[in-house]
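*Asks:* Dropping in model_0.cif, with mmCIF, C-alpha atoms and all ligand atoms.
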```cif
data_entry
#
loop_
_atom_site.group_PDB
_atom_site.id
_atom_site.type_symbol
_atom_site.label_atom_id
_atom_site.label_comp_id
_atom_site.auth_asym_id
_atom_site.auth_seq_id
_atom_site.Cartn_x
_atom_site.Cartn_y
_atom_site.Cartn_z
ATOM 1 C CA MET A 1058 -66.012 24.106 42.007
ATOM 2 C CA THR A 1059 -67.517 20.650 42.267
ATOM 3 C CA LEU A 1060 -65.909 18.023 40.044
ATOM 4 C CA LEU A 1061 -67.707 15.297 38.120
ATOM 5 C CA GLY A 1062 -66.628 11.663 38.322
ATOM 6 C CA VAL A 1063 -68.282 9.407 35.759
ATOM 7 C CA ASN A 1064 -68.797 5.762 36.685
ATOM 8 C CA ILE A 1065 -68.565 3.576 33.571
ATOM 9 C CA ASP A 1066 -69.510 0.205 35.134
ATOM 10 C CA HIS A 1067 -72.688 -0.149 33.119
ATOM 11 C CA VAL A 1068 -70.880 0.072 29.811
ATOM 12 C CA ALA A 1069 -69.228 -3.164 30.926
ATOM 13 C CA THR A 1070 -72.614 -4.518 32.068
ATOM 14 C CA LEU A 1071 -73.880 -4.063 28.496
ATOM 15 C CA ARG A 1072 -70.758 -5.625 26.997
ATOM 16 C CA ASN A 1073 -70.990 -8.621 29.301
ATOM 17 C CA ALA A 1074 -74.625 -9.209 28.296
ATOM 18 C CA ARG A 1075 -73.286 -10.558 24.996
ATOM 19 C CA GLY A 1076 -69.929 -11.791 26.168
ATOM 20 C CA GLY A 1077 -67.988 -9.953 23.468
ATOM 21 C CA THR A 1078 -65.864 -6.828 23.452
ATOM 22 C CA GLU A 1079 -68.456 -4.120 22.718
ATOM 23 C CA PRO A 1080 -69.103 -1.579 24.113
ATOM 24 C CA ASP A 1081 -65.644 -1.100 25.577
ATOM 25 C CA PRO A 1082 -65.532 0.624 28.990
ATOM 26 C CA VAL A 1083 -62.098 2.073 28.152
ATOM 27 C CA GLN A 1084 -63.523 3.771 25.065
ATOM 28 C CA ALA A 1085 -66.347 5.086 27.275
ATOM 29 C CA ALA A 1086 -63.833 6.455 29.784
ATOM 30 C CA LEU A 1087 -61.958 8.316 27.059
ATOM 31 C CA ALA A 1088 -65.190 9.732 25.632
ATOM 32 C CA ALA A 1089 -66.327 10.846 29.099
ATOM 33 C CA GLU A 1090 -62.997 12.568 29.722
ATOM 34 C CA LYS A 1091 -63.231 14.327 26.355
ATOM 35 C CA ALA A 1092 -66.707 15.571 27.302
ATOM 36 C CA GLY A 1093 -65.458 17.035 30.584
ATOM 37 C CA ALA A 1094 -65.437 14.273 33.208
ATOM 38 C CA ASP A 1095 -62.896 15.126 35.890
ATOM 39 C CA SER A 1096 -62.361 11.538 36.901
ATOM 40 C CA ILE A 1097 -63.360 8.020 35.898
ATOM 41 C CA VAL A 1098 -64.804 5.652 38.467
ATOM 42 C CA CYS A 1099 -65.167 1.892 38.186
ATOM 43 C CA HIS A 1100 -66.103 -0.826 40.625
ATOM 44 C CA VAL A 1101 -64.398 -4.201 40.384
ATOM 45 C CA ARG A 1102 -66.902 -6.315 42.263
ATOM 46 C CA GLU A 1103 -65.921 -9.611 43.799
ATOM 47 C CA ASP A 1104 -68.240 -11.402 41.326
ATOM 48 C CA ARG A 1105 -66.790 -9.373 38.385
ATOM 49 C CA ARG A 1106 -70.310 -8.753 37.088
ATOM 50 C CA HIS A 1107 -69.245 -5.672 35.116
ATOM 51 C CA ILE A 1108 -65.677 -4.324 35.277
ATOM 52 C CA ARG A 1109 -63.032 -7.055 35.114
ATOM 53 C CA ASP A 1110 -59.403 -7.094 36.176
ATOM 54 C CA ASP A 1111 -58.182 -6.554 32.634
ATOM 55 C CA ASP A 1112 -60.547 -3.574 32.179
ATOM 56 C CA LEU A 1113 -59.010 -2.018 35.281
ATOM 57 C CA ARG A 1114 -55.486 -2.550 33.970
ATOM 58 C CA ARG A 1115 -56.404 -1.002 30.605
ATOM 59 C CA LEU A 1116 -58.200 1.897 32.306
ATOM 60 C CA ARG A 1117 -55.127 2.559 34.431
ATOM 61 C CA LYS A 1118 -53.079 2.992 31.264
ATOM 62 C CA ALA A 1119 -55.674 4.976 29.278
ATOM 63 C CA VAL A 1120 -57.265 7.370 31.773
ATOM 64 C CA THR A 1121 -55.510 10.728 31.866
ATOM 65 C CA THR A 1122 -57.652 12.488 34.485
ATOM 66 C CA SER A 1123 -57.858 10.410 37.663
ATOM 67 C CA LEU A 1124 -58.938 6.791 37.975
ATOM 68 C CA GLN A 1125 -60.872 5.891 41.102
ATOM 69 C CA LEU A 1126 -61.357 2.218 41.921
ATOM 70 C CA GLU A 1127 -64.426 1.398 43.956
ATOM 71 C CA MET A 1128 -63.722 -1.773 45.915
ATOM 72 C CA ALA A 1129 -64.684 -3.972 48.835
ATOM 73 C CA PRO A 1130 -62.003 -4.331 51.510
ATOM 74 C CA ALA A 1131 -61.536 -7.972 50.457
ATOM 75 C CA GLU A 1132 -58.044 -9.473 50.155
ATOM 76 C CA PRO A 1133 -58.100 -10.442 46.424
ATOM 77 C CA ILE A 1134 -59.353 -6.966 45.484
ATOM 78 C CA VAL A 1135 -56.842 -5.255 47.774
ATOM 79 C CA ARG A 1136 -54.090 -7.213 45.997
ATOM 80 C CA LEU A 1137 -55.471 -6.130 42.625
ATOM 81 C CA ALA A 1138 -55.484 -2.490 43.755
ATOM 82 C CA LEU A 1139 -51.893 -2.771 44.950
ATOM 83 C CA GLU A 1140 -50.901 -4.275 41.587
ATOM 84 C CA VAL A 1141 -52.714 -1.780 39.356
ATOM 85 C CA HIS A 1142 -52.266 1.224 41.628
ATOM 86 C CA PRO A 1143 -55.080 3.611 40.641
ATOM 87 C CA LEU A 1144 -54.637 7.158 41.981
ATOM 88 C CA GLU A 1145 -57.664 6.808 44.224
ATOM 89 C CA VAL A 1146 -59.539 3.953 45.846
ATOM 90 C CA MET A 1147 -62.963 4.090 47.437
ATOM 91 C CA LEU A 1148 -63.881 1.415 49.952
ATOM 92 C CA VAL A 1149 -67.473 0.224 49.805
ATOM 93 C CA PRO A 1150 -69.414 -2.631 51.412
ATOM 94 C CA GLU A 1151 -70.411 -5.421 49.075
ATOM 95 C CA ARG A 1152 -73.078 -8.059 49.253
ATOM 96 C CA ARG A 1153 -73.232 -10.611 46.494
ATOM 97 C CA GLN A 1154 -77.019 -10.536 46.016
ATOM 98 C CA GLU A 1155 -77.385 -6.746 45.888
ATOM 99 C CA VAL A 1156 -78.234 -5.035 42.594
ATOM 100 C CA THR A 1157 -75.999 -2.095 43.503
ATOM 101 C CA THR A 1158 -74.211 -0.812 46.616
ATOM 102 C CA GLU A 1159 -76.938 -0.520 49.229
ATOM 103 C CA GLY A 1160 -75.432 1.426 52.081
ATOM 104 C CA GLY A 1161 -72.316 3.035 53.432
ATOM 105 C CA LEU A 1162 -69.440 1.064 54.871
ATOM 106 C CA ASP A 1163 -69.846 0.859 58.658
ATOM 107 C CA CYS A 1164 -66.501 2.260 59.790
ATOM 108 C CA LEU A 1165 -67.340 1.767 63.465
ATOM 109 C CA ALA A 1166 -68.329 -1.900 63.222
ATOM 110 C CA HIS A 1167 -65.496 -2.852 60.844
ATOM 111 C CA ARG A 1168 -62.721 -0.735 62.318
ATOM 112 C CA ALA A 1169 -60.476 -3.736 63.053
ATOM 113 C CA THR A 1170 -60.621 -5.160 59.527
ATOM 114 C CA LEU A 1171 -60.503 -1.786 57.770
ATOM 115 C CA ALA A 1172 -57.467 -0.375 59.580
ATOM 116 C CA PRO A 1173 -54.841 -2.742 58.098
ATOM 117 C CA VAL A 1174 -56.370 -2.553 54.594
ATOM 118 C CA ILE A 1175 -56.341 1.248 54.653
ATOM 119 C CA GLY A 1176 -52.796 1.210 56.016
ATOM 120 C CA ARG A 1177 -51.621 -0.891 53.047
ATOM 121 C CA LEU A 1178 -53.411 1.267 50.461
ATOM 122 C CA LEU A 1179 -52.085 4.491 51.994
ATOM 123 C CA GLY A 1180 -48.642 2.965 52.330
ATOM 124 C CA ALA A 1181 -48.649 2.277 48.588
ATOM 125 C CA GLY A 1182 -49.370 5.950 47.936
ATOM 126 C CA MET A 1183 -53.040 5.762 46.952
ATOM 127 C CA CYS A 1184 -55.638 8.287 48.080
ATOM 128 C CA VAL A 1185 -58.246 6.516 50.179
ATOM 129 C CA SER A 1186 -61.914 7.401 50.270
ATOM 130 C CA ILE A 1187 -64.633 5.585 52.218
ATOM 131 C CA PHE A 1188 -68.282 5.469 51.168
ATOM 132 C CA VAL A 1189 -70.271 6.241 54.322
ATOM 133 C CA ASP A 1190 -73.816 6.989 55.360
ATOM 134 C CA ALA A 1191 -74.341 10.684 56.078
ATOM 135 C CA GLU A 1192 -73.715 10.368 59.825
ATOM 136 C CA PRO A 1193 -71.156 12.461 61.726
ATOM 137 C CA SER A 1194 -70.141 9.345 63.731
ATOM 138 C CA GLN A 1195 -69.221 7.515 60.490
ATOM 139 C CA VAL A 1196 -67.344 10.549 59.212
ATOM 140 C CA ALA A 1197 -65.322 10.706 62.448
ATOM 141 C CA ALA A 1198 -64.579 6.973 62.292
ATOM 142 C CA ALA A 1199 -63.429 7.279 58.652
ATOM 143 C CA ARG A 1200 -61.103 10.103 59.645
ATOM 144 C CA ASP A 1201 -59.725 8.057 62.570
ATOM 145 C CA LEU A 1202 -59.006 5.215 60.142
ATOM 146 C CA GLY A 1203 -56.820 7.546 58.065
ATOM 147 C CA ALA A 1204 -59.080 8.131 55.062
ATOM 148 C CA GLN A 1205 -58.484 11.433 53.271
ATOM 149 C CA THR A 1206 -61.958 11.517 51.723
ATOM 150 C CA VAL A 1207 -65.479 10.410 52.528
ATOM 151 C CA GLU A 1208 -68.073 9.848 49.849
ATOM 152 C CA LEU A 1209 -71.458 10.581 51.394
ATOM 153 C CA HIS A 1210 -74.194 8.138 50.417
ATOM 154 C CA THR A 1211 -76.860 10.116 48.552
ATOM 155 C CA GLY A 1212 -79.160 7.102 48.035
ATOM 156 C CA PRO A 1213 -81.681 8.101 50.730
ATOM 157 C CA TYR A 1214 -81.864 11.601 49.162
ATOM 158 C CA SER A 1215 -82.148 10.242 45.620
ATOM 159 C CA HIS A 1216 -84.901 7.835 46.633
ATOM 160 C CA ALA A 1217 -86.840 10.324 48.794
ATOM 161 C CA HIS A 1218 -90.597 9.843 48.381
ATOM 162 C CA ASN A 1219 -91.587 13.497 48.684
ATOM 163 C CA ALA A 1220 -90.204 17.022 49.050
ATOM 164 C CA SER A 1221 -90.221 16.897 52.836
ATOM 165 C CA ASP A 1222 -88.228 13.635 52.894
ATOM 166 C CA ALA A 1223 -85.775 15.069 50.340
ATOM 167 C CA SER A 1224 -85.313 18.162 52.484
ATOM 168 C CA THR A 1225 -84.653 16.010 55.574
ATOM 169 C CA GLN A 1226 -82.038 14.030 53.650
ATOM 170 C CA LEU A 1227 -80.381 17.213 52.372
ATOM 171 C CA THR A 1228 -80.086 18.454 55.946
ATOM 172 C CA ARG A 1229 -78.473 15.137 56.961
ATOM 173 C CA LEU A 1230 -76.008 15.412 54.064
ATOM 174 C CA HIS A 1231 -75.270 19.047 54.887
ATOM 175 C CA THR A 1232 -74.561 18.229 58.553
ATOM 176 C CA ALA A 1233 -72.310 15.294 57.636
ATOM 177 C CA ALA A 1234 -70.466 17.366 55.017
ATOM 178 C CA LEU A 1235 -69.811 20.107 57.579
ATOM 179 C CA ALA A 1236 -68.479 17.522 60.054
ATOM 180 C CA ALA A 1237 -66.226 16.056 57.354
ATOM 181 C CA ALA A 1238 -64.859 19.437 56.323
ATOM 182 C CA LYS A 1239 -64.227 20.307 59.960
ATOM 183 C CA ALA A 1240 -62.317 17.028 60.356
ATOM 184 C CA GLY A 1241 -60.127 17.999 57.396
ATOM 185 C CA LEU A 1242 -61.630 15.465 54.984
ATOM 186 C CA HIS A 1243 -62.473 15.951 51.309
ATOM 187 C CA VAL A 1244 -66.197 15.471 50.740
ATOM 188 C CA HIS A 1245 -67.527 13.529 47.769
ATOM 189 C CA ALA A 1246 -71.107 12.386 47.171
ATOM 190 C CA GLY A 1247 -72.773 9.750 45.078
ATOM 191 C CA HIS A 1248 -75.440 7.156 44.446
ATOM 192 C CA GLY A 1249 -78.666 7.646 42.543
ATOM 193 C CA LEU A 1250 -77.816 11.174 41.429
ATOM 194 C CA ASN A 1251 -79.440 12.285 38.196
ATOM 195 C CA TYR A 1252 -80.212 15.303 35.995
ATOM 196 C CA ASP A 1253 -83.090 16.395 38.257
ATOM 197 C CA ASN A 1254 -81.709 15.926 41.755
ATOM 198 C CA ILE A 1255 -78.114 17.146 41.262
ATOM 199 C CA GLY A 1256 -79.022 20.866 41.371
ATOM 200 C CA PRO A 1257 -80.812 20.876 44.746
ATOM 201 C CA LEU A 1258 -78.042 18.704 46.255
ATOM 202 C CA LEU A 1259 -75.221 21.028 45.243
ATOM 203 C CA ALA A 1260 -77.194 24.121 46.188
ATOM 204 C CA ARG A 1261 -77.367 22.834 49.766
ATOM 205 C CA VAL A 1262 -74.291 20.674 50.340
ATOM 206 C CA ALA A 1263 -70.639 21.640 49.771
ATOM 207 C CA VAL A 1264 -69.170 18.746 47.804
ATOM 208 C CA ALA A 1265 -65.782 18.569 46.069
ATOM 209 C CA LYS A 1266 -66.823 15.786 43.660
ATOM 210 C CA VAL A 1267 -69.957 13.901 42.696
ATOM 211 C CA ASN A 1268 -69.702 10.386 41.266
ATOM 212 C CA ILE A 1269 -72.481 9.518 38.847
ATOM 213 C CA GLY A 1270 -73.011 6.392 36.774
ATOM 214 C CA HIS A 1271 -76.417 4.991 35.990
ATOM 215 C CA SER A 1272 -78.225 8.184 34.993
ATOM 216 C CA VAL A 1273 -75.401 9.312 32.692
ATOM 217 C CA ILE A 1274 -75.053 5.942 30.957
ATOM 218 C CA SER A 1275 -78.864 5.724 30.649
ATOM 219 C CA ARG A 1276 -79.028 9.134 28.981
ATOM 220 C CA ALA A 1277 -76.155 8.149 26.713
ATOM 221 C CA VAL A 1278 -78.324 5.391 25.214
ATOM 222 C CA PHE A 1279 -80.529 8.069 23.649
ATOM 223 C CA TYR A 1280 -78.253 11.083 23.219
ATOM 224 C CA GLY A 1281 -74.737 9.668 23.160
ATOM 225 C CA LEU A 1282 -72.159 9.658 25.938
ATOM 226 C CA ASP A 1283 -70.588 12.949 24.879
ATOM 227 C CA ALA A 1284 -73.895 14.833 25.172
ATOM 228 C CA ALA A 1285 -74.852 13.039 28.392
ATOM 229 C CA VAL A 1286 -71.587 13.922 30.137
ATOM 230 C CA ARG A 1287 -71.558 17.496 28.816
ATOM 231 C CA GLU A 1288 -75.081 18.088 30.085
ATOM 232 C CA MET A 1289 -74.302 16.697 33.538
ATOM 233 C CA LYS A 1290 -71.052 18.624 33.700
ATOM 234 C CA GLY A 1291 -72.981 21.822 32.870
ATOM 235 C CA LEU A 1292 -75.493 21.144 35.666
ATOM 236 C CA VAL A 1293 -72.722 20.442 38.175
ATOM 237 C CA ARG A 1294 -70.838 23.571 37.168
ATOM 238 C CA GLN A 1295 -73.998 25.692 37.357
ATOM 239 C CA ALA A 1296 -75.078 24.407 40.769
ATOM 240 C CA SER A 1297 -71.776 24.031 42.589
ATOM 241 C CA GLY A 1298 -71.003 26.631 45.160
ATOM 242 C CA THR A 1299 -74.365 28.339 44.725
ATOM 243 C CA GLY A 1300 -75.520 27.950 48.297
ATOM 244 C CA ARG A 1301 -75.120 26.176 51.641
HETATM 245 N N1 LIG B 1401 -70.845 5.913 44.534
HETATM 246 C C1 LIG B 1401 -70.827 4.629 44.959
HETATM 247 C C2 LIG B 1401 -70.110 4.320 46.226
HETATM 248 C C3 LIG B 1401 -71.456 3.607 44.237
HETATM 249 O O1 LIG B 1401 -71.425 2.349 44.690
HETATM 250 C C4 LIG B 1401 -72.092 3.947 43.032
HETATM 251 C C5 LIG B 1401 -72.708 2.848 42.213
HETATM 252 O O2 LIG B 1401 -71.708 2.077 41.646
HETATM 253 C C6 LIG B 1401 -72.082 5.280 42.614
HETATM 254 C C7 LIG B 1401 -71.477 6.254 43.396
HETATM 255 C C8 LIG B 1401 -72.765 5.695 41.360
HETATM 256 O O3 LIG B 1401 -74.127 5.482 41.572
HETATM 257 P P1 LIG B 1401 -75.157 5.631 40.368
HETATM 258 O O4 LIG B 1401 -74.802 4.557 39.375
HETATM 259 O O5 LIG B 1401 -76.467 5.406 41.024
HETATM 260 O O6 LIG B 1401 -74.966 7.001 39.809
#
```
Let's see the structure in the file written out as structure tokens.

*Replies:*
Amino acid sequence: MTLLGVNIDHVATLRNARGGTEPDPVQAALAAEKAGADSIVCHVREDRRHIRDDDLRRLRKAVTTSLQLEMAPAEPIVRLALEVHPLEVMLVPERRQEVTTEGGLDCLAHRATLAPVIGRLLGAGMCVSIFVDAEPSQVAAARDLGAQTVELHTGPYSHAHNASDASTQLTRLHTAALAAAKAGLHVHAGHGLNYDNIGPLLARVAVAKVNIGHSVISRAVFYGLDAAVREMKGLVRQASGTGR
């Protein structure tokens, strides 16, 4: 069955808008777990625009499911990961001006810089995932680098302009997921997933975990985080394993 990872970055975005302590991303993580989240995801960006180092340390102590740190392969963040030691890390590209992560990490172009970083994270006993575009060549490169998991970038599917484009993107994701499974990798998916597009994705693509942030936190503004997570968890449970 597909698992649900809830990304709580935007609880910190809201807190930081006023510079105080509310709302607390740790409290959000605990509420999401209580509502059925199978893991908690947070991204410590190099500019610390939402989750901060101390949030990560507190999350590491409080989260009882599995904490996944999304991170750029940058030395200060690698050192933070080695200090805090979350169960899982997910390597993503980062550009300072971007609103959110814009594409997968190019494992072919950055092989030389990624290899030692991944070696250190694996050596410390963390599970390593890489966020990649849904391309078999990227999946193969991630496997060669030693990653145990790839998270397939669902942005192009989520932002499809029409049904035909969405179908093309689902086929791309399906092909990449098959290649990943064949290579012995766990397959995760994320970016732009919401209450409408999660069903068709899981009906077509075999995914062990989806990571969802913005749509869940947005729904929580109106219905509360407990209801928002429960509803998403129900959709994931309903759709997972229904078709290929
Ligand atoms: N996966 C990755 C690699 C991401 O960068 C993000 C955004 O932080 C997500 C999943 C969650 O995306 P969204 O907030 O659009 O659900």

*Asks:* Ligand LIG 1401 (chain B): which residues are within 9 Å, counting only C-alpha atoms and all ligand atoms? Reply as a ChimeraX atom specification.

*Replies:* /A:1062-1067,1098-1100,1127-1128,1147-1151,1157-1161,1187-1189,1208-1212,1215,1245-1251,1267-1274

*Asks:* Grab the atom CA of A:Ala1220 to atom CA of A:Leu1061 distance for me, in Å with one decimal place.

*Replies:*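 Between these atoms lies a distance of 25.1 Å.
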
*Asks:* Could you expand the PyMOL selection byres (((chain A and resi 1071) around 12) and not hetatm) into the explicit residues it covers here, written as a PyMOL selection string?

*Replies:* chain A and resi 1065-1070+1072-1082+1085+1106-1108+1274-1275+1278

*Asks:* At what distance in Å, to one decimal, does atom CA of A:Val1185 lie from atom CA of A:Asp1110?

*Replies:* 19.6 Å

*Asks:* Between atom CA of A:Cys1184 and atom CA of A:Gly1291, what is the distance, to one decimal in Å?

*Replies:* 26.7 Å

*Asks:* Skip A:Ile1175 itself and residues of its chain fewer than 3 positions away, then list as number ranges by chain all residues within 9 Å of it, counting all atoms listed in the file.

*Replies:* A: 1130, 1148, 1171-1172, 1178-1180, 1185, 1202-1204

*Asks:* Output C-alpha atoms of each residue in that selection to a file, as a PDB file, in the coordinates of the input.

*Replies:*
```
ATOM      1  CA  PRO A1130     -62.003  -4.331  51.510  1.00  0.00           C
ATOM      2  CA  LEU A1148     -63.881   1.415  49.952  1.00  0.00           C
ATOM      3  CA  LEU A1171     -60.503  -1.786  57.770  1.00  0.00           C
ATOM      4  CA  ALA A1172     -57.467  -0.375  59.580  1.00  0.00           C
ATOM      5  CA  LEU A1178     -53.411   1.267  50.461  1.00  0.00           C
ATOM      6  CA  LEU A1179     -52.085   4.491  51.994  1.00  0.00           C
ATOM      7  CA  GLY A1180     -48.642   2.965  52.330  1.00  0.00           C
ATOM      8  CA  VAL A1185     -58.246   6.516  50.179  1.00  0.00           C
ATOM      9  CA  LEU A1202     -59.006   5.215  60.142  1.00  0.00           C
ATOM     10  CA  GLY A1203     -56.820   7.546  58.065  1.00  0.00           C
ATOM     11  CA  ALA A1204     -59.080   8.131  55.062  1.00  0.00           C
TER      12      ALA A1204
END
```

*Asks:* Counting all atoms listed in the file, which residue out of A:Thr1170, A:Ser1221, A:Ser1096, A:Thr1232 sits closest to A:Glu1192?

*Replies:*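 So, comparing all the options, the nearest one is A:Thr1232.
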
*Asks:* Determine, counting only C-alpha atoms, every residue of protein, DNA or RNA that lies within 12 Å of (-47.4, -0.4, 49.2) in the file coordinates, then give the result as a list in words.

*Replies:* Val1135, Arg1136, Leu1137, Ala1138, Leu1139, Glu1140, Val1141, His1142, Pro1173, Val1174, Ile1175, Gly1176, Arg1177, Leu1178, Leu1179, Gly1180, Ala1181, Gly1182 and Met1183 of chain A

*Asks:* Evaluate the PyMOL selection byres (((chain A and resi 1237) around 9) and not hetatm) against this structure - the residues, as a list of chain:residue names, please.

*Replies:*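 Output of the PyMOL selection byres (((chain A and resi 1237) around 9) and not hetatm): A:Pro1193, A:Val1196, A:Ala1197, A:Arg1200, A:Thr1206, A:Val1207, A:Thr1232, A:Ala1233, A:Ala1234, A:Leu1235, A:Ala1236, A:Ala1238, A:Lys1239, A:Ala1240, A:Gly1241, A:Leu1242, A:His1243, A:Val1244.
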